[in-house]
file target39.csv (CSV, C-alpha atoms)
chain,number,residue,atom,x,y,z
A,1,LEU,CA,0.0,0.0,0.0
A,2,ASP,CA,2.8,2.4,0.9
A,3,VAL,CA,4.4,1.6,-2.4
A,4,ASP,CA,1.2,2.6,-4.2
A,5,ARG,CA,1.2,6.0,-2.5
A,6,ARG,CA,4.9,6.5,-3.0
A,7,ARG,CA,4.4,5.9,-6.7
A,8,PHE,CA,1.5,8.3,-6.9
A,9,LEU,CA,3.4,11.0,-5.0
A,10,THR,CA,6.3,10.6,-7.4
A,11,VAL,CA,4.1,10.6,-10.5
A,12,ALA,CA,2.2,13.6,-9.4
A,13,GLY,CA,5.5,15.5,-8.8
A,14,LEU,CA,4.7,16.0,-5.2
A,15,GLY,CA,7.9,14.4,-3.8
A,16,PHE,CA,7.7,11.7,-1.1
A,17,ALA,CA,8.0,12.5,2.5
A,18,GLY,CA,8.2,9.0,3.7
A,19,GLY,CA,9.3,7.9,7.2
A,20,ALA,CA,6.1,8.9,9.0
A,21,ALA,CA,4.7,6.1,11.0
A,22,THR,CA,1.1,5.3,10.3
A,23,LEU,CA,-1.3,3.0,12.0
A,24,VAL,CA,-2.5,1.6,8.7
A,25,ALA,CA,-3.1,-2.1,9.2
A,26,GLY,CA,-3.6,-2.9,5.5
A,27,CYS,CA,-6.7,-3.0,3.5
A,28,GLY,CA,-7.1,-6.7,3.0
A,29,GLY,CA,-4.8,-7.5,0.1
A,30,ASN,CA,-7.5,-7.3,-2.6
A,31,LYS,CA,-5.7,-8.8,-5.6
A,32,GLN,CA,-8.4,-7.8,-8.0
A,33,ASN,CA,-7.6,-4.1,-7.8
A,34,LYS,CA,-4.0,-3.3,-7.4
A,35,GLY,CA,-4.5,0.5,-7.3
A,36,THR,CA,-2.9,1.2,-10.6
A,37,GLY,CA,-4.3,1.7,-14.1
A,38,PRO,CA,-8.0,1.5,-14.7
A,39,ILE,CA,-10.1,1.3,-11.6
A,40,ALA,CA,-12.0,-1.8,-10.8
A,41,GLY,CA,-11.2,-3.6,-14.0
A,42,GLU,CA,-12.9,-0.9,-16.1
A,43,LYS,CA,-16.3,-1.9,-14.9
A,44,PRO,CA,-19.0,0.5,-15.9
A,45,GLN,CA,-20.5,2.5,-13.1
A,46,SER,CA,-24.2,1.9,-13.0
A,47,PRO,CA,-26.9,2.0,-10.4
A,48,SER,CA,-27.5,-1.7,-10.7
A,49,PRO,CA,-25.9,-4.0,-8.2
A,50,GLU,CA,-22.4,-5.0,-8.9
A,51,PRO,CA,-21.6,-8.8,-9.3
A,52,ALA,CA,-21.1,-10.7,-6.1
A,53,GLU,CA,-17.3,-11.0,-6.5
A,54,SER,CA,-16.8,-7.2,-6.6
A,55,ASP,CA,-18.9,-6.9,-3.4
A,56,VAL,CA,-16.5,-9.3,-1.7
A,57,ALA,CA,-13.6,-7.0,-2.6
A,58,ASP,CA,-15.4,-3.9,-1.5
A,59,SER,CA,-16.3,-5.5,1.8
A,60,THR,CA,-12.7,-6.4,2.5
A,61,VAL,CA,-11.6,-2.8,1.8
A,62,LEU,CA,-14.4,-1.4,4.0
A,63,ASN,CA,-13.7,-3.8,6.8
A,64,ALA,CA,-10.2,-2.6,7.0
A,65,ALA,CA,-11.5,1.0,7.2
A,66,LEU,CA,-14.0,-0.1,9.9
A,67,ASP,CA,-11.2,-1.4,12.0
A,68,LEU,CA,-9.4,2.0,11.9
A,69,GLU,CA,-12.7,3.8,12.7
A,70,ASN,CA,-13.3,1.6,15.7
A,71,GLN,CA,-9.7,2.2,16.8
A,72,ALA,CA,-10.3,6.0,16.5
A,73,VAL,CA,-13.6,5.7,18.5
A,74,ALA,CA,-11.7,3.9,21.3
A,75,PHE,CA,-8.9,6.4,21.3
A,76,TYR,CA,-11.1,9.4,21.4
A,77,THR,CA,-13.3,7.9,24.1
A,78,GLN,CA,-10.2,7.4,26.2
A,79,ALA,CA,-8.8,10.8,25.3
A,80,MET,CA,-11.9,12.5,26.5
A,81,LYS,CA,-11.1,11.5,30.1
A,82,ALA,CA,-7.9,13.6,30.0
A,83,LEU,CA,-8.9,16.6,27.9
A,84,THR,CA,-10.5,19.8,28.9
A,85,GLY,CA,-12.2,22.9,27.3
A,86,ALA,CA,-11.9,23.3,23.5
A,87,ASN,CA,-9.8,20.1,23.2
A,88,LEU,CA,-12.4,18.1,24.9
A,89,ARG,CA,-15.2,19.6,22.8
A,90,ALA,CA,-13.3,18.9,19.6
A,91,VAL,CA,-12.5,15.3,20.5
A,92,ARG,CA,-16.0,14.5,21.6
A,93,ASN,CA,-17.2,15.8,18.3
A,94,PHE,CA,-14.7,13.6,16.5
A,95,ARG,CA,-15.6,10.6,18.5
A,96,ASP,CA,-19.2,11.0,17.4
A,97,HIS,CA,-18.1,11.4,13.8
A,98,GLU,CA,-16.0,8.2,13.9
A,99,ARG,CA,-18.9,6.4,15.4
A,100,ALA,CA,-21.1,7.6,12.5
A,101,HIS,CA,-18.4,6.5,10.0
A,102,ALA,CA,-18.2,3.0,11.7
A,103,ALA,CA,-22.0,2.7,11.6
A,104,VAL,CA,-22.2,3.6,7.9
A,105,LEU,CA,-19.3,1.3,7.0
A,106,SER,CA,-20.9,-1.6,8.9
A,107,ARG,CA,-24.2,-1.0,7.1
A,108,ALA,CA,-22.5,-1.0,3.8
A,109,ILE,CA,-20.7,-4.2,4.6
A,110,LYS,CA,-23.9,-5.9,5.7
A,111,GLY,CA,-25.5,-4.6,2.5
A,112,MET,CA,-22.9,-6.5,0.6
A,113,GLY,CA,-23.9,-9.7,2.4
A,114,ARG,CA,-20.8,-9.7,4.5
A,115,THR,CA,-20.2,-9.5,8.2
A,116,PRO,CA,-18.6,-6.3,9.6
A,117,ASP,CA,-15.5,-7.0,11.7
A,118,ALA,CA,-16.3,-6.5,15.4
A,119,ALA,CA,-14.4,-3.8,17.3
A,120,SER,CA,-11.6,-5.1,19.4
A,121,LYS,CA,-12.5,-5.5,23.1
A,122,SER,CA,-9.5,-3.4,24.0
A,123,TYR,CA,-7.0,-1.2,22.2
A,124,ARG,CA,-3.6,-0.3,23.5
A,125,PHE,CA,-2.4,3.2,23.3
A,126,PRO,CA,0.8,4.7,24.7
A,127,ARG,CA,0.8,6.8,27.9
A,128,LEU,CA,0.3,10.4,26.8
A,129,PRO,CA,1.1,12.7,29.7
A,130,THR,CA,-0.1,16.1,28.3
A,131,GLN,CA,-3.0,17.3,26.3
A,132,ASP,CA,-0.7,18.2,23.5
A,133,ASP,CA,0.7,14.7,23.5
A,134,ILE,CA,-2.9,13.4,23.1
A,135,LEU,CA,-3.6,15.7,20.3
A,136,ARG,CA,-0.4,14.7,18.5
A,137,TYR,CA,-1.3,11.1,18.9
A,138,ALA,CA,-4.8,11.9,17.5
A,139,ILE,CA,-3.0,13.3,14.5
A,140,ARG,CA,-1.3,10.0,14.0
A,141,ILE,CA,-4.6,8.2,14.2
A,142,GLU,CA,-6.2,10.5,11.7
A,143,ASN,CA,-3.2,10.3,9.4
A,144,GLY,CA,-3.5,6.5,9.6
A,145,GLN,CA,-7.1,6.7,8.5
A,146,ILE,CA,-6.3,9.2,5.7
A,147,GLY,CA,-3.5,7.1,4.3
A,148,HIS,CA,-5.8,4.1,4.3
A,149,TYR,CA,-8.6,5.9,2.5
A,150,ILE,CA,-6.2,7.2,-0.1
A,151,ASP,CA,-5.1,3.7,-0.9
A,152,ALA,CA,-8.6,2.2,-0.5
A,153,LEU,CA,-10.6,4.5,-2.7
A,154,PRO,CA,-9.3,3.3,-6.1
A,155,ARG,CA,-9.9,-0.3,-4.9
A,156,LEU,CA,-13.6,0.2,-4.4
A,157,ASN,CA,-15.6,-1.1,-7.3
A,158,THR,CA,-18.7,1.0,-7.0
A,159,GLY,CA,-18.9,4.7,-7.7
A,160,SER,CA,-21.4,5.3,-4.9
A,161,ALA,CA,-19.1,3.6,-2.3
A,162,ARG,CA,-16.2,5.7,-3.5
A,163,ALA,CA,-18.2,8.9,-3.1
A,164,GLU,CA,-19.4,7.9,0.4
A,165,VAL,CA,-15.8,7.0,1.5
A,166,ALA,CA,-14.6,10.3,-0.1
A,167,SER,CA,-16.9,12.2,2.2
A,168,ILE,CA,-15.5,10.3,5.2
A,169,PHE,CA,-12.0,11.0,4.0
A,170,ALA,CA,-12.8,14.7,3.7
A,171,THR,CA,-14.0,14.7,7.3
A,172,GLU,CA,-10.9,13.0,8.6
A,173,ALA,CA,-8.9,15.8,6.8
A,174,GLU,CA,-11.0,18.3,8.6
A,175,HIS,CA,-10.3,16.6,11.9
A,176,LEU,CA,-6.6,16.9,11.1
A,177,ALA,CA,-7.0,20.7,10.4
A,178,VAL,CA,-8.7,21.2,13.8
A,179,LEU,CA,-6.1,19.2,15.7
A,180,ASN,CA,-3.3,21.2,14.0
A,181,GLY,CA,-5.1,24.4,15.0
A,182,GLN,CA,-5.5,23.2,18.6
A,183,LEU,CA,-1.7,22.6,18.6
A,184,ARG,CA,-1.2,26.2,17.5
A,185,GLU,CA,0.0,25.1,14.1
A,186,ARG,CA,-1.2,25.8,10.6
A,187,SER,CA,-4.6,24.1,10.1
A,188,ALA,CA,-3.9,23.4,6.4
A,189,PRO,CA,-0.2,23.2,6.2
A,190,THR,CA,0.2,21.4,2.9
A,191,ALA,CA,-1.6,21.5,-0.5
A,192,PHE,CA,-2.1,17.7,-0.5
A,193,VAL,CA,-3.5,15.7,2.4
A,194,THR,CA,-1.6,12.5,2.1
A,195,GLY,CA,-1.6,11.0,5.6
A,196,GLN,CA,2.2,11.4,5.7
A,197,GLY,CA,3.7,13.6,8.4
A,198,VAL,CA,2.1,17.0,8.6
A,199,GLY,CA,-1.1,17.8,6.7
B,1,MET,CA,-34.1,21.7,-5.9
B,2,PRO,CA,-32.4,20.7,-2.7
B,3,GLU,CA,-29.2,22.6,-3.5
B,4,ALA,CA,-31.0,25.8,-4.2
B,5,ASP,CA,-32.9,25.4,-1.0
B,6,HIS,CA,-29.6,24.8,0.7
B,7,SER,CA,-28.1,28.0,-0.8
B,8,ARG,CA,-31.0,30.0,0.4
B,9,ARG,CA,-30.6,28.6,3.9
B,10,GLU,CA,-27.0,29.5,3.9
B,11,VAL,CA,-27.9,33.0,3.1
B,12,LEU,CA,-30.3,33.2,6.0
B,13,VAL,CA,-27.7,31.8,8.4
B,14,ALA,CA,-24.9,34.0,7.2
B,15,GLY,CA,-26.8,37.2,7.2
B,16,GLY,CA,-27.2,40.0,4.7
B,17,ALA,CA,-23.4,40.4,4.1
B,18,ALA,CA,-23.4,37.0,2.4
B,19,LEU,CA,-26.1,37.9,-0.1
B,20,ALA,CA,-23.7,38.8,-2.8
B,21,ALA,CA,-21.7,35.6,-2.3
B,22,ALA,CA,-24.8,33.5,-2.4
B,23,ALA,CA,-25.9,35.1,-5.6
B,24,ALA,CA,-23.2,33.1,-7.3
B,25,ALA,CA,-24.6,29.8,-5.9
B,26,PRO,CA,-26.5,28.8,-9.1
B,27,LEU,CA,-23.4,29.3,-11.1
B,28,LEU,CA,-21.3,27.3,-8.7
B,29,THR,CA,-23.8,24.5,-8.9
B,30,GLY,CA,-23.4,24.7,-12.7
B,31,VAL,CA,-19.7,24.0,-12.3
B,32,ARG,CA,-20.4,21.0,-10.1
B,33,ASP,CA,-22.8,19.7,-12.8
B,34,ALA,CA,-20.1,20.2,-15.4
B,35,PHE,CA,-17.8,18.1,-13.2
B,36,ALA,CA,-20.4,15.4,-12.8
B,37,GLN,CA,-21.2,15.4,-16.5
B,38,ALA,CA,-17.6,15.1,-17.6
B,39,GLY,CA,-17.5,11.6,-19.0
B,40,ASP,CA,-13.9,10.7,-18.8
B,41,ASP,CA,-10.9,11.3,-16.6
B,42,GLU,CA,-9.5,13.9,-19.0
B,43,SER,CA,-12.7,15.9,-19.0
B,44,ILE,CA,-12.9,15.8,-15.2
B,45,LEU,CA,-9.3,16.9,-14.9
B,46,ARG,CA,-9.9,19.8,-17.3
B,47,ALA,CA,-12.9,21.0,-15.3
B,48,ALA,CA,-10.9,20.6,-12.1
B,49,LEU,CA,-8.1,22.6,-13.5
B,50,ASN,CA,-10.4,25.5,-14.4
B,51,LEU,CA,-11.9,25.4,-10.9
B,52,GLU,CA,-8.5,25.5,-9.3
B,53,VAL,CA,-7.2,28.4,-11.4
B,54,THR,CA,-10.4,30.3,-10.6
B,55,ALA,CA,-10.0,29.6,-6.9
B,56,ALA,CA,-6.4,30.8,-7.0
B,57,THR,CA,-7.6,34.0,-8.6
B,58,VAL,CA,-10.3,34.4,-5.9
B,59,TYR,CA,-7.8,34.1,-3.1
B,60,GLN,CA,-5.4,36.4,-4.9
B,61,ARG,CA,-8.1,39.0,-4.8
B,62,SER,CA,-9.0,38.2,-1.2
B,63,GLN,CA,-5.7,39.2,0.5
B,64,SER,CA,-7.0,42.4,1.9
B,65,GLN,CA,-9.9,40.6,3.6
B,66,LEU,CA,-8.3,37.3,4.5
B,67,GLY,CA,-4.6,38.2,4.8
B,68,GLY,CA,-2.1,35.4,5.0
B,69,ILE,CA,-4.8,32.8,4.8
B,70,ALA,CA,-5.6,34.0,1.3
B,71,ARG,CA,-2.0,33.9,0.2
B,72,LEU,CA,-1.6,30.4,1.7
B,73,PHE,CA,-4.7,29.1,0.0
B,74,ARG,CA,-3.9,30.8,-3.3
B,75,ASN,CA,-0.5,29.0,-3.3
B,76,GLN,CA,-2.2,25.7,-2.5
B,77,GLU,CA,-4.8,26.1,-5.2
B,78,ARG,CA,-1.9,26.8,-7.6
B,79,GLN,CA,-0.2,23.6,-6.5
B,80,HIS,CA,-3.4,21.7,-7.1
B,81,ALA,CA,-3.5,23.1,-10.6
B,82,THR,CA,0.1,22.1,-11.2
B,83,ALA,CA,-0.7,18.5,-10.0
B,84,LEU,CA,-3.8,18.3,-12.1
B,85,ALA,CA,-2.0,19.5,-15.2
B,86,ALA,CA,0.7,16.8,-14.5
B,87,ALA,CA,-2.0,14.2,-14.2
B,88,LEU,CA,-3.6,15.4,-17.4
B,89,ARG,CA,-0.3,15.1,-19.2
B,90,LEU,CA,0.1,11.6,-18.0
B,91,LEU,CA,-3.2,10.7,-19.6
B,92,GLY,CA,-2.0,12.2,-22.9
B,93,GLY,CA,-3.9,15.5,-22.5
B,94,LYS,CA,-2.6,19.0,-23.1
B,95,PRO,CA,-3.3,21.2,-20.1
B,96,SER,CA,-5.0,24.5,-20.5
B,97,ALA,CA,-7.0,26.4,-18.0
B,98,THR,CA,-9.5,29.2,-18.1
B,99,ILE,CA,-10.6,31.4,-15.3
B,100,ASP,CA,-14.4,31.1,-14.9
B,101,ARG,CA,-15.5,34.7,-14.5
B,102,ASN,CA,-19.0,33.5,-13.6
B,103,LEU,CA,-17.7,31.9,-10.5
B,104,MET,CA,-16.3,35.2,-9.4
B,105,GLY,CA,-19.6,37.0,-9.6
B,106,GLY,CA,-20.4,38.8,-6.4
B,107,LEU,CA,-16.8,38.7,-5.2
B,108,ALA,CA,-16.3,42.4,-5.0
B,109,ALA,CA,-19.6,42.9,-3.1
B,110,ALA,CA,-18.3,40.4,-0.4
B,111,SER,CA,-16.1,43.1,1.0
B,112,SER,CA,-15.9,42.4,4.7
B,113,ARG,CA,-13.7,39.6,6.1
B,114,ARG,CA,-16.7,37.5,7.1
B,115,ALA,CA,-18.5,38.0,3.8
B,116,ARG,CA,-15.4,37.2,1.9
B,117,ALA,CA,-14.9,34.0,4.0
B,118,GLN,CA,-18.5,33.1,3.2
B,119,PHE,CA,-17.9,33.6,-0.5
B,120,CYS,CA,-14.9,31.3,-0.3
B,121,ILE,CA,-16.9,28.8,1.7
B,122,ASN,CA,-19.4,28.6,-1.2
B,123,LEU,CA,-16.5,28.1,-3.6
B,124,GLU,CA,-14.8,25.5,-1.5
B,125,ASN,CA,-18.1,23.7,-1.0
B,126,THR,CA,-18.5,23.6,-4.8
B,127,ALA,CA,-15.0,22.1,-5.0
B,128,VAL,CA,-15.7,19.5,-2.4
B,129,ARG,CA,-18.9,18.4,-4.1
B,130,ALA,CA,-17.2,18.3,-7.4
B,131,TYR,CA,-14.3,16.2,-6.2
B,132,GLU,CA,-16.5,13.8,-4.4
B,133,ASP,CA,-18.6,13.4,-7.5
B,134,ALA,CA,-15.5,12.8,-9.5
B,135,HIS,CA,-14.7,9.8,-7.3
B,136,ARG,CA,-17.8,8.1,-8.9
B,137,ASN,CA,-16.5,8.4,-12.4
B,138,LEU,CA,-12.7,8.5,-12.4
B,139,ARG,CA,-11.2,5.4,-13.8
B,140,ASP,CA,-7.5,5.8,-13.4
B,141,ALA,CA,-6.2,5.0,-9.9
B,142,ARG,CA,-3.4,7.5,-9.9
B,143,THR,CA,-5.6,10.3,-11.1
B,144,MET,CA,-8.1,9.4,-8.4
B,145,GLN,CA,-5.4,9.6,-5.7
B,146,VAL,CA,-4.4,13.1,-6.9
B,147,VAL,CA,-8.0,14.2,-6.7
B,148,THR,CA,-8.4,12.6,-3.2
B,149,THR,CA,-5.4,14.4,-1.7
B,150,ILE,CA,-6.7,17.7,-3.2
B,151,LEU,CA,-10.2,17.0,-1.8
B,152,GLY,CA,-8.6,16.7,1.7
B,153,ASN,CA,-7.0,20.1,1.4
B,154,GLN,CA,-10.2,21.8,0.2
B,155,ALA,CA,-12.0,20.3,3.2
B,156,GLN,CA,-9.3,21.8,5.4
B,157,HIS,CA,-9.8,25.2,3.8
B,158,LEU,CA,-13.4,24.9,4.7
B,159,VAL,CA,-12.4,24.4,8.4
B,160,VAL,CA,-10.4,27.6,8.4
B,161,LEU,CA,-13.0,29.7,6.5
B,162,ARG,CA,-15.8,28.5,8.7
B,163,GLN,CA,-13.9,29.5,11.8
B,164,ILE,CA,-13.4,33.0,10.2
B,165,ALA,CA,-17.1,33.1,9.4
B,166,GLY,CA,-18.0,32.1,13.0
B,167,ARG,CA,-19.5,28.8,12.1
B,168,PRO,CA,-18.8,25.2,13.4
B,169,ALA,CA,-15.5,24.0,11.9
B,170,VAL,CA,-16.6,20.4,11.2
B,171,PRO,CA,-20.4,20.5,11.3
B,172,GLY,CA,-21.0,16.9,10.4
B,173,ALA,CA,-19.6,13.4,10.2
B,174,PHE,CA,-19.7,13.4,6.4
B,175,GLU,CA,-18.3,16.4,4.5
B,176,ARG,CA,-20.4,16.7,1.4
B,177,GLY,CA,-19.8,20.4,0.7
B,178,ARG,CA,-23.2,21.5,1.8
B,179,SER,CA,-22.5,23.5,4.9
call {"tool": "encode", "arguments": {"input": "target39.csv", "output": "C-alpha cells"}}
result
Amino acid sequence: LDVDRRRFLTVAGLGFAGGAATLVAGCGGNKQNKGTGPIAGEKPQSPSPEPAESDVADSTVLNAALDLENQAVAFYTQAMKALTGANLRAVRNFRDHERAHAAVLSRAIKGMGRTPDAASKSYRFPRLPTQDDILRYAIRIENGQIGHYIDALPRLNTGSARAEVASIFATEAEHLAVLNGQLRERSAPTAFVTGQGVG
Amino acid sequence: MPEADHSRREVLVAGGAALAAAAAAPLLTGVRDAFAQAGDDESILRAALNLEVTAATVYQRSQSQLGGIARLFRNQERQHATALAAALRLLGGKPSATIDRNLMGGLAAASSRRARAQFCINLENTAVRAYEDAHRNLRDARTMQVVTTILGNQAQHLVVLRQIAGRPAVPGAFERGRS
C-alpha cells in the first residue's frame, strides 16, 4: 500500500516525504484491484448492483476501514477523560463522527452480504502525559485513516461507495485541520493531504 | 431543488453580508454539474483545472480581507492546478486552464472579512462536491489519488474559513460540501 502511495506522489510530482509512521493495518490484500491503471477492471458505473465477486472485494476494503474507525472511537473515548475545554469539545465531536463512520461502513458491509468486523475488546495506546501529546497522537490516528482511505478509494468497485468514502476521508482531513489548530500550528499546512507527516 | 434550498438557507444563516456571495450559488452549482457530466478522466481533470485556477484567482483577490490565509490558500490552489496538469499530461492530454468569470460574480460585493470568507466557503463547497462526485466516475487510480489528496486540502480550507465566518468548523460526520 505504501508503495502505491509513493508511486502516486512521485508521479504527481509531489515528492515523497516517507518515514512517518502510520497506523494503517492494511486493506485486505485485494488482488483484483491493485491500485494502478484502470479502476475496478474498467467496470461501468451503474446504479444496478455489482456482481457478487466485486462486493466481496469492497467489503474487504471497507472492513479494514472499519477497524481503523473503531480504533479511533476507542482512542477518542479514552482521550476525553484527560482533555478539557476546547480540546475536549473537539475530540467529543470527532468521537461521534468516527462512530457515525463506523455505523455507515458496517451497514455498507452488511448490504454486501458480509459480516462487519467487530471492534476489538481493547485497544492499547501509549501513555500520553499532556493534552498536546494526546492531540499529537490523535493526528497519528487521523493520518493512519487518511493514508488508508487514499489507498482504498481506487480499490472500491462501485462509484457510490467511493463517493461515500470520499466524504468520510474529507471529514478526517478536517479533523486533522482542527487538531493542527489546537496545537497552535497551521490548520492546512500542505496542499495535499496524504496522511504522511504533517497535513 | 435541494441545492437551491440549501443555498437560500446558507444566506439566511450567514446574514445579509453573504447575499452577494450566495448570488453566485447557481453558477457554482453549474460547475459542479459540469464536473459530474464530464464523462472521462481527461474531462474531469480539465474541469478541475479551471476550478483551481479560478479559486487561486479568488484568493489572490481576497488578500486584503483574509490576509495570510488568502496567500496560503492561493498558493495551495496553484499547487493543485500544477498537479492536475501533470495528471492530465500523464493521460496524454494537453493542459489548459480558463478562469471562470461567472464563478467570481459577487466577489467584490463580499467586502468584509466575514462576507469574503462566506464567498470562499461557497467556492470550496463547490470544489468538495465536485471532487467527491469525481470519485464516482474517475477510472485511473493515480488520477483518483491526486484528486483525493486535493479534496482533503479543500476540506481543510473549509475548516479555516468556517472559523473565520463564525461557524462550526466540522459540522457533520460526512463532509459533502453542503454547509
call {"tool": "interface_residues", "arguments": {"input": "target39.csv", "of": "chain B", "to": "chain A", "cutoff": "6 Å", "atoms": "all atoms listed in the file", "output": "PDB file with C-alpha atoms, in the frame of the given file"}}
result
ATOM      1  CA  GLN B  76      -2.200  25.700  -2.500  1.00  0.00           C
ATOM      2  CA  ALA B  83      -0.700  18.500 -10.000  1.00  0.00           C
ATOM      3  CA  GLU B 132     -16.500  13.800  -4.400  1.00  0.00           C
ATOM      4  CA  HIS B 135     -14.700   9.800  -7.300  1.00  0.00           C
ATOM      5  CA  ARG B 136     -17.800   8.100  -8.900  1.00  0.00           C
ATOM      6  CA  ARG B 139     -11.200   5.400 -13.800  1.00  0.00           C
ATOM      7  CA  ASP B 140      -7.500   5.800 -13.400  1.00  0.00           C
ATOM      8  CA  ALA B 141      -6.200   5.000  -9.900  1.00  0.00           C
ATOM      9  CA  ARG B 142      -3.400   7.500  -9.900  1.00  0.00           C
ATOM     10  CA  THR B 149      -5.400  14.400  -1.700  1.00  0.00           C
ATOM     11  CA  ILE B 150      -6.700  17.700  -3.200  1.00  0.00           C
ATOM     12  CA  GLY B 152      -8.600  16.700   1.700  1.00  0.00           C
ATOM     13  CA  ASN B 153      -7.000  20.100   1.400  1.00  0.00           C
ATOM     14  CA  ALA B 155     -12.000  20.300   3.200  1.00  0.00           C
ATOM     15  CA  GLN B 156      -9.300  21.800   5.400  1.00  0.00           C
ATOM     16  CA  ALA B 173     -19.600  13.400  10.200  1.00  0.00           C
ATOM     17  CA  PHE B 174     -19.700  13.400   6.400  1.00  0.00           C
ATOM     18  CA  GLU B 175     -18.300  16.400   4.500  1.00  0.00           C
ATOM     19  CA  ARG B 176     -20.400  16.700   1.400  1.00  0.00           C
TER      20      ARG B 176
END
call {"tool": "residues_around", "arguments": {"input": "target39.csv", "residues": "region 43-55 of chain B", "least_positions_apart": "4", "cutoff": "9 Å", "atoms": "all atoms listed in the file", "output": "VMD selection string"}}
result
chain B and resid 31 34 to 39 59 to 60 73 to 74 77 to 82 84 to 85 87 to 88 95 to 101 103 to 104 120 123 to 124 127 130 to 131 134 137 to 138 143 147
call {"tool": "residues_around", "arguments": {"input": "target39.csv", "residues": "Asp67 (chain A)", "least_positions_apart": "3", "cutoff": "12 Å", "atoms": "all atoms listed in the file", "output": "count of residues only"}}
result
34
call {"tool": "closest_residue", "arguments": {"input": "target39.csv", "among": "B:Gln65, B:Asn75, B:Thr126, B:Gln145", "to": "Leu107 (chain B)", "atoms": "all atoms listed in the file"}}
result
B:Gln65
call {"tool": "closest_residue", "arguments": {"input": "target39.csv", "among": "A:Ala79, A:Pro126, A:Thr84, A:Asp58", "to": "Lys110 (chain A)", "atoms": "all atoms listed in the file"}}
result
A:Asp58
call {"tool": "atom_distance", "arguments": {"input": "target39.csv", "atom1": "CA of Gly105 (chain B)", "atom2": "CA of Val146 (chain B)"}}
result
28.5 Å
call {"tool": "closest_residue", "arguments": {"input": "target39.csv", "among": "A:Ile109, A:Leu66, A:Leu183, A:Leu83", "to": "Gln131 (chain A)", "atoms": "all atoms listed in the file"}}
result
A:Leu83
call {"tool": "atom_distance", "arguments": {"input": "target39.csv", "atom1": "CA of Arg178 (chain B)", "atom2": "CA of Val91 (chain A)"}}
result
22.4 Å
call {"tool": "atom_distance", "arguments": {"input": "target39.csv", "atom1": "CA of Ile69 (chain B)", "atom2": "CA of Asp133 (chain B)"}}
result
26.8 Å
call {"tool": "decode", "arguments": {"input": "target39.csv", "residues": "region 160-171 of chain B", "atoms": "N, CA and C atoms", "output": "PDB file, in the first residue's frame"}}
result
ATOM      1  N   VAL B 160     -10.953  26.309   8.095  1.00  0.00           N
ATOM      2  CA  VAL B 160     -10.395  27.626   8.415  1.00  0.00           C
ATOM      3  C   VAL B 160     -11.404  28.727   8.085  1.00  0.00           C
ATOM      4  N   LEU B 161     -12.024  28.618   6.933  1.00  0.00           N
ATOM      5  CA  LEU B 161     -12.972  29.652   6.507  1.00  0.00           C
ATOM      6  C   LEU B 161     -14.205  29.683   7.408  1.00  0.00           C
ATOM      7  N   ARG B 162     -14.671  28.506   7.804  1.00  0.00           N
ATOM      8  CA  ARG B 162     -15.832  28.451   8.714  1.00  0.00           C
ATOM      9  C   ARG B 162     -15.485  29.117  10.043  1.00  0.00           C
ATOM     10  N   GLN B 163     -14.271  28.899  10.508  1.00  0.00           N
ATOM     11  CA  GLN B 163     -13.874  29.538  11.772  1.00  0.00           C
ATOM     12  C   GLN B 163     -13.883  31.056  11.621  1.00  0.00           C
ATOM     13  N   ILE B 164     -13.415  31.550  10.488  1.00  0.00           N
ATOM     14  CA  ILE B 164     -13.429  32.997  10.245  1.00  0.00           C
ATOM     15  C   ILE B 164     -14.872  33.496  10.188  1.00  0.00           C
ATOM     16  N   ALA B 165     -15.730  32.702   9.586  1.00  0.00           N
ATOM     17  CA  ALA B 165     -17.137  33.106   9.430  1.00  0.00           C
ATOM     18  C   ALA B 165     -17.952  32.865  10.695  1.00  0.00           C
ATOM     19  N   GLY B 166     -17.312  32.335  11.729  1.00  0.00           N
ATOM     20  CA  GLY B 166     -18.009  32.104  12.994  1.00  0.00           C
ATOM     21  C   GLY B 166     -18.962  30.932  12.962  1.00  0.00           C
ATOM     22  N   ARG B 167     -18.609  29.939  12.171  1.00  0.00           N
ATOM     23  CA  ARG B 167     -19.462  28.755  12.056  1.00  0.00           C
ATOM     24  C   ARG B 167     -18.741  27.527  12.581  1.00  0.00           C
ATOM     25  N   PRO B 168     -19.468  26.439  12.894  1.00  0.00           N
ATOM     26  CA  PRO B 168     -18.795  25.227  13.372  1.00  0.00           C
ATOM     27  C   PRO B 168     -17.775  24.721  12.344  1.00  0.00           C
ATOM     28  N   ALA B 169     -16.598  24.368  12.830  1.00  0.00           N
ATOM     29  CA  ALA B 169     -15.505  24.004  11.924  1.00  0.00           C
ATOM     30  C   ALA B 169     -15.785  22.700  11.166  1.00  0.00           C
ATOM     31  N   VAL B 170     -16.332  21.733  11.871  1.00  0.00           N
ATOM     32  CA  VAL B 170     -16.642  20.434  11.249  1.00  0.00           C
ATOM     33  C   VAL B 170     -18.075  20.092  11.629  1.00  0.00           C
ATOM     34  N   PRO B 171     -19.020  20.563  10.847  1.00  0.00           N
ATOM     35  CA  PRO B 171     -20.418  20.477  11.283  1.00  0.00           C
ATOM     36  C   PRO B 171     -21.040  19.087  11.213  1.00  0.00           C
TER      37      PRO B 171
END
